[in-house]
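Raw contents of start.txt, compact mmCIF, C-alpha atoms:
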```txt
# COMPACT_ATOMS: atom_id res chain seq x y z
CA MET O 1 161.27 129.08 129.70
CA THR O 2 158.70 126.53 130.70
CA PRO O 3 158.25 124.02 127.86
CA THR O 4 154.77 123.67 126.51
CA SER O 5 153.24 120.25 126.08
CA GLU O 6 152.62 119.03 122.59
CA ILE O 7 149.03 118.26 121.64
CA VAL O 8 148.77 115.21 119.44
CA ILE O 9 145.63 114.94 117.31
CA THR O 10 144.83 111.41 116.23
CA PRO O 11 143.31 111.41 112.75
CA THR O 12 139.94 109.77 112.35
CA ILE O 13 139.63 106.80 110.03
CA ALA O 14 137.27 107.39 107.14
CA ILE O 15 134.74 104.63 106.58
CA THR O 16 134.46 103.69 102.93
CA ALA O 17 132.44 101.06 101.15
CA PRO O 18 134.46 98.15 99.72
CA PRO O 19 134.17 97.55 95.96
CA ASN O 20 131.04 95.66 94.88
CA CYS O 21 129.73 95.54 98.43
CA THR O 22 126.26 94.17 99.15
CA ASP O 23 123.42 95.34 101.37
CA GLY O 24 121.66 93.21 103.94
CA ALA O 25 119.96 93.53 107.30
CA VAL O 26 118.09 91.55 109.92
CA LEU O 27 115.62 92.87 112.47
CA LEU O 28 116.79 91.64 115.86
CA ARG O 29 114.05 92.98 118.11
CA ASP O 30 111.52 95.69 118.90
CA VAL O 31 113.26 97.76 121.55
CA THR O 32 110.22 99.90 122.34
CA ILE O 33 106.49 99.68 121.52
CA GLN O 34 105.91 95.98 121.04
CA ASP O 35 103.17 94.97 118.58
CA ASN O 36 99.69 95.85 119.87
CA THR O 37 101.00 98.17 122.58
CA GLN O 38 98.06 100.18 123.90
CA VAL O 39 98.54 103.96 123.80
CA LYS O 40 96.35 106.97 124.49
CA PRO O 41 94.74 109.03 121.71
CA ASN O 42 97.17 111.68 120.40
CA GLU O 43 99.96 110.27 122.60
CA LYS O 44 103.49 110.94 121.34
CA PHE O 45 105.86 107.97 121.42
CA THR O 46 109.16 106.78 119.98
CA LYS O 47 109.38 103.45 118.19
CA THR O 48 112.84 101.88 118.21
CA TRP O 49 114.01 98.76 116.38
CA GLU O 50 117.39 97.02 116.65
CA PHE O 51 118.94 95.93 113.36
CA GLN O 52 122.15 94.20 112.41
CA ASN O 53 124.04 95.07 109.25
CA THR O 54 124.46 91.65 107.59
CA GLY O 55 125.79 93.06 104.33
CA THR O 56 129.29 94.15 103.42
CA CYS O 57 128.38 97.80 102.74
CA PRO O 58 128.66 100.20 105.68
CA TRP O 59 125.47 102.10 106.38
CA ILE O 60 126.52 105.63 105.49
CA ASN O 61 123.74 108.10 104.68
CA TYR O 62 121.16 105.31 105.02
CA THR O 63 117.61 106.23 105.95
CA LEU O 64 114.37 104.91 107.38
CA VAL O 65 111.48 105.68 105.00
CA PHE O 66 107.73 105.58 105.66
CA ALA O 67 106.27 103.17 103.09
CA ALA O 68 102.56 102.54 103.65
CA GLY O 69 99.77 102.11 106.14
CA ASP O 70 99.12 104.53 109.00
CA ALA O 71 101.74 107.28 109.06
CA MET O 72 101.03 108.42 112.63
CA GLY O 73 102.92 111.64 111.95
CA ALA O 74 106.04 109.85 110.73
CA PRO O 75 108.51 111.89 108.67
CA LEU O 76 108.91 110.80 105.07
CA SER O 77 112.45 109.72 106.01
CA ALA O 78 114.79 109.73 109.01
CA PRO O 79 118.57 109.14 109.25
CA ILE O 80 120.06 105.82 110.38
CA PRO O 81 123.30 105.78 112.43
CA VAL O 82 126.49 104.89 110.58
CA THR O 83 126.83 101.12 110.98
CA VAL O 84 129.61 98.94 109.58
CA SER O 85 129.23 95.32 108.56
CA SER O 86 128.16 92.95 111.37
CA GLU O 87 127.46 95.83 113.76
CA LYS O 88 124.09 96.51 115.37
CA ALA O 89 122.15 99.76 115.19
CA LEU O 90 119.19 101.26 117.00
CA VAL O 91 116.79 102.87 114.52
CA SER O 92 114.09 105.18 115.88
CA VAL O 93 111.20 107.30 114.67
CA ASP O 94 109.01 109.72 116.61
CA LEU O 95 105.29 109.12 116.12
CA THR O 96 101.92 110.37 117.36
CA ALA O 97 98.94 108.11 117.97
CA PRO O 98 95.75 108.95 116.03
CA ALA O 99 92.87 110.58 117.90
CA ALA O 100 90.35 107.82 117.17
CA SER O 101 90.30 104.43 118.89
CA GLY O 102 91.44 101.53 116.73
CA THR O 103 94.36 99.37 115.66
CA TYR O 104 96.97 101.13 113.52
CA THR O 105 99.94 99.78 111.56
CA GLY O 106 102.66 101.78 109.82
CA TYR O 107 105.14 100.13 107.43
CA PHE O 108 108.71 101.32 106.92
CA THR O 109 111.69 100.43 104.73
CA LEU O 110 115.45 100.83 105.02
CA HIS O 111 117.09 102.70 102.13
CA ASN O 112 120.75 102.91 101.16
CA SER O 113 122.54 106.07 100.03
CA ALA O 114 121.26 105.50 96.47
CA ASP O 115 117.69 105.37 97.84
CA LYS O 116 117.39 101.65 97.09
CA ILE O 117 115.52 99.43 99.54
CA VAL O 118 117.68 97.26 101.79
CA MET O 119 116.14 93.82 102.31
CA ILE O 120 115.33 92.83 105.90
CA GLY O 121 116.10 89.14 105.50
CA VAL O 122 113.62 88.19 102.77
CA GLU O 123 111.21 91.04 103.55
CA LYS O 124 111.19 94.65 102.43
CA THR O 125 109.16 96.19 105.23
CA PHE O 126 109.07 96.36 109.00
CA TRP O 127 106.34 97.96 111.04
CA VAL O 128 104.93 99.52 114.16
CA LYS O 129 101.52 98.34 115.34
CA ILE O 130 99.60 100.04 118.15
CA VAL O 131 96.15 99.93 119.70
CA VAL O 132 94.63 103.32 120.51
CA GLY O 133 92.09 103.43 123.33
CA SER O 134 89.84 100.41 123.35
CA GLY O 135 90.93 99.40 119.87
CA VAL O 136 87.32 99.49 118.63
CA ILE O 137 86.48 101.62 115.61
CA VAL O 138 82.82 102.58 115.36
CA PRO O 139 81.54 101.89 111.82
CA THR O 140 80.54 104.95 109.84
CA SER O 141 76.92 105.22 108.71
CA SER O 142 75.79 104.81 105.13
CA SER O 143 75.42 108.59 104.96
CA SER O 144 79.18 109.04 105.30
CA THR O 145 80.46 112.23 103.73
CA SER O 146 83.51 110.58 102.18
CA PRO O 147 83.59 111.75 98.53
CA THR O 148 82.63 109.18 95.90
CA GLN O 149 82.26 109.24 92.14
CA SER O 150 81.55 106.91 89.24
CA VAL O 151 84.52 105.48 87.39
CA ASN O 152 83.59 107.43 84.26
CA THR O 153 83.91 110.84 85.92
CA THR O 154 87.20 112.56 85.23
CA THR O 155 87.12 115.37 87.80
CA THR O 156 85.18 115.65 91.04
CA THR O 157 84.83 118.66 93.29
CA THR O 158 84.66 118.07 97.04
CA THR O 159 84.70 120.52 99.91
CA ASN O 160 88.45 119.85 100.13
CA CYS O 161 89.82 119.64 96.61
CA ASN O 162 89.35 118.95 92.93
CA TYR O 163 90.72 115.49 92.23
CA SER O 164 90.74 113.45 89.04
CA SER O 165 89.93 109.80 88.55
CA ASN O 166 91.07 107.58 85.70
CA ALA O 167 88.84 104.75 84.48
CA GLY O 168 91.71 103.28 82.48
CA TYR O 169 93.95 103.08 85.54
CA ILE O 170 91.17 101.47 87.58
CA SER O 171 90.62 98.81 84.92
CA GLN O 172 94.38 98.27 84.53
CA ILE O 173 94.92 97.71 88.25
CA ALA O 174 92.13 95.11 88.38
CA SER O 175 93.59 93.38 85.30
CA LEU O 176 97.12 93.36 86.74
CA ILE O 177 95.85 91.85 89.99
CA ASN O 178 93.91 89.15 88.16
CA ALA O 179 96.96 88.40 86.01
CA GLU O 180 99.04 87.78 89.14
CA ARG O 181 96.29 85.56 90.53
CA ALA O 182 96.17 83.60 87.26
CA ASN O 183 99.95 83.09 87.46
CA ALA O 184 99.43 81.64 90.94
CA GLY O 185 96.63 79.34 89.75
CA LEU O 186 93.91 81.36 91.49
CA PRO O 187 90.53 82.39 90.00
CA ALA O 188 90.00 85.95 88.79
CA LEU O 189 88.23 88.42 91.04
CA THR O 190 84.89 89.90 89.95
CA VAL O 191 84.54 93.69 90.10
CA ASN O 192 81.89 94.62 92.66
CA SER O 193 80.34 98.09 92.48
CA LEU O 194 79.94 98.41 96.24
CA LEU O 195 83.59 97.57 96.90
CA ALA O 196 84.52 99.96 94.09
CA ALA O 197 82.52 102.76 95.74
CA SER O 198 84.22 102.11 99.07
CA ALA O 199 87.68 102.07 97.46
CA GLN O 200 87.02 105.21 95.40
CA GLY O 201 85.71 107.09 98.41
CA HIS O 202 88.85 106.32 100.40
CA ALA O 203 91.19 107.12 97.48
CA ALA O 204 89.53 110.55 97.21
CA ASP O 205 89.71 111.00 100.99
CA MET O 206 93.45 110.29 100.96
CA ALA O 207 94.00 112.64 98.02
CA CYS O 208 92.02 115.50 99.52
CA ASN O 209 93.59 115.09 102.96
CA ASN O 210 97.15 114.46 101.73
CA MET O 211 97.62 111.11 103.49
CA ILE O 212 98.42 107.47 102.86
CA SER O 213 96.56 105.57 105.56
CA HIS O 214 94.01 102.82 106.05
CA THR O 215 92.29 105.11 108.55
CA GLY O 216 89.97 107.64 106.96
CA SER O 217 89.98 111.32 107.83
CA ASP O 218 86.76 110.65 109.76
CA GLY O 219 88.39 107.85 111.78
CA SER O 220 86.81 105.07 109.70
CA SER O 221 88.48 101.72 109.12
CA ALA O 222 88.59 99.78 105.85
CA TYR O 223 86.01 97.36 107.25
CA SER O 224 83.63 100.09 108.39
CA ARG O 225 83.83 101.81 104.98
CA ILE O 226 83.03 98.55 103.20
CA LEU O 227 80.05 98.02 105.50
CA ALA O 228 78.90 101.60 104.92
CA SER O 229 78.95 101.02 101.15
CA GLY O 230 76.28 98.33 101.63
CA TYR O 231 78.61 95.34 101.17
CA SER O 232 78.29 92.62 103.83
CA PRO O 233 81.56 90.68 103.76
CA SER O 234 82.40 87.30 105.21
CA TYR O 235 85.98 88.37 104.46
CA SER O 236 87.52 91.70 103.45
CA GLU O 237 90.95 93.29 103.11
CA GLU O 238 92.38 96.55 101.78
CA ILE O 239 95.68 97.58 100.21
CA ILE O 240 96.72 101.14 99.35
CA TYR O 241 99.48 102.94 97.46
CA GLY O 242 100.59 106.49 96.79
CA GLY O 243 103.03 108.17 94.45
CA GLY O 244 102.81 106.19 91.22
CA GLY O 245 100.52 104.64 88.62
CA PRO O 246 99.23 101.06 88.28
CA GLN O 247 102.52 99.39 87.41
CA ALA O 248 104.43 101.10 90.22
CA ALA O 249 101.72 100.06 92.66
CA MET O 250 101.80 96.43 91.48
CA SER O 251 105.59 96.28 91.67
CA TRP O 252 105.49 97.51 95.24
CA TRP O 253 102.64 95.25 96.33
CA MET O 254 104.06 92.10 94.77
CA SER O 255 107.52 92.70 96.26
CA ASP O 256 106.13 93.08 99.78
CA GLN O 257 104.94 89.88 101.45
CA ILE O 258 101.95 91.37 103.29
CA HIS O 259 100.53 93.00 100.16
CA ARG O 260 101.38 90.03 97.97
CA ASP O 261 99.48 87.75 100.34
CA ALA O 262 96.45 90.05 100.13
CA ILE O 263 96.46 89.96 96.32
CA LEU O 264 96.89 86.18 96.24
CA ASN O 265 94.50 85.38 99.08
CA PRO O 266 92.21 82.53 97.92
CA ARG O 267 89.46 83.78 100.25
CA SER O 268 88.82 86.82 98.04
CA THR O 269 86.26 86.50 95.27
CA GLU O 270 85.47 90.16 94.48
CA ILE O 271 87.36 93.41 94.07
CA GLY O 272 86.82 97.16 93.97
CA VAL O 273 89.48 99.65 92.86
CA GLY O 274 89.65 103.36 93.60
CA TYR O 275 92.00 105.92 92.08
CA ALA O 276 92.36 109.65 92.69
CA TYR O 277 94.91 112.12 91.40
CA PHE O 278 95.43 115.44 93.17
CA SER O 279 98.21 117.65 91.83
CA ASN O 280 98.62 119.48 95.13
CA GLY O 281 98.95 116.28 97.15
CA ALA O 282 102.32 115.02 98.34
CA TYR O 283 101.90 111.74 96.45
CA GLY O 284 99.91 112.80 93.39
CA ASP O 285 98.39 109.36 92.78
CA TYR O 286 96.30 107.66 95.48
CA ILE O 287 95.20 104.05 94.92
CA VAL O 288 92.94 101.84 97.01
CA VAL O 289 91.97 98.20 96.38
CA ASP O 290 89.26 96.55 98.47
CA PHE O 291 89.00 92.75 98.38
CA GLY O 292 85.99 90.87 99.65
CA SER O 293 83.80 87.82 99.72
CA PRO O 294 80.05 88.04 100.41
```
As structure tokens, how would this structure be written, given the file I've shared?
Amino acid sequence: MTPTSEIVITPTIAITAPPNCTDGAVLLRDVTIQDNTQVKPNEKFTKTWEFQNTGTCPWINYTLVFAAGDAMGAPLSAPIPVTVSSEKALVSVDLTAPAASGTYTGYFTLHNSADKIVMIGVEKTFWVKIVVGSGVIVPTSSSSTSPTQSVNTTTTTTTNCNYSSNAGYISQIASLINAERANAGLPALTVNSLLAASAQGHAADMACNNMISHTGSDGSSAYSRILASGYSPSYSEEIIYGGGGPQAAMSWWMSDQIHRDAILNPRSTEIGVGYAYFSNGAYGDYIVVDFGSP
């Protein structure tokens, strides 16, 4: 009888997290799509970052999560390769460039298996920034069809949806922002009706079109919407949030350096806040804050 060979199966080693391990990461480089890479309208592309796990917890069931800005077709979350402490990992997401020319930025976060954000050094977010076409966004006219409403109206009907506003939330957000500015020794911002109209119009646009983006459904930019409202800024900036009320928005903004800097920018003197709630939207709450100086 011819002897058969014995097949030896080597058991795999299970990766487990050590007790009381800590999370940490650093962004080493943009592997693909450097900041301000020019792409064609509607072009599909893959953004890849290289990270290093600087914590003691292995990255098991960790995810990349879209956080804010221009989604560009990003999934709400995407898996991250298993990465043990000190190892490097390539993290990728498939995206699609918007149809309209302009500059677009999408912000992302790393989340652990408990869905807690993993700090990237001292930051919470990392981003992809592209330029579509010429990078110029044509301002919308003052007859823009973006839905607007007064802060005292509770429900507004548009061609897309019935959304609700909340005057109390709008006032609370402005108060919370001014409280943070006071803590930083900065003057309070004055509510401006034109900035408020611009912010409310974009909040409603996001709600009715189920998006969290600085780019309007008509291709407008924050700056062009502010101009269309009749406000002529020497300086302007916009921050947005989806999926929570005033306090959740403030917690997110103040824990992210880019948004914190916008809130505490000494160049701003005026503010407008927009809020829209749409029960059929993916985020429910849609918040927009426009800052400006005449």
Test item: which residues lie within 9 Å of (120.5, 109.0, 109.5) counting only C-alpha atoms, as a list in words: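 Output of the proximity query reads Ile60, Asn61, Tyr62, Thr63, Leu64, Ser77, Ala78, Pro79, Ile80, Pro81, Val82 and Val91 of chain O.
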Residue neighbourhood Pro41 in chain O, 9 Å, all atoms listed in the file, exclusion window fewer than 3 positions, as a PyMOL selection string: chain O and resi 44+96-101+132-133
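The shortest atom-to-atom distance to Gly216 in chain O, with only C-alpha atoms taken into account, belongs to O:Ala199 out of O:Ala248, O:Val118, O:Ala74, O:Ala199.
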Among listed residues O:Ser175, O:Gln257, O:Glu270, O:Lys129, nearest Ser193 in chain O (using all atoms listed in the file):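 Residue with the minimum atom-to-atom distance to Ser193 in chain O: O:Glu270.
With all atoms listed in the file as the atoms that count, the minimum distance from Met254 in chain O to the choices O:Glu238, O:Lys124, O:Gly219, O:Val131 is reached by O:Lys124.
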Atomic separation - CA of Thr215 in chain O relative to CA of Val39 in chain O, Å: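 Answer for the CA of Val39 in chain O to CA of Thr215 in chain O separation: 16.5 Å.
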Selected residue of minimal separation from Gly292 in chain O among O:Leu189, O:Arg260, O:Asp218, O:Gln247, counting all atoms listed in the file: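 The shortest atom-to-atom distance to Gly292 in chain O comes from O:Leu189.
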Sphere at (108.7, 101.5, 119.8), radius 6 Å, counting only C-alpha atoms: residues as a PyMOL selection string: chain O and resi 32-33+46-48
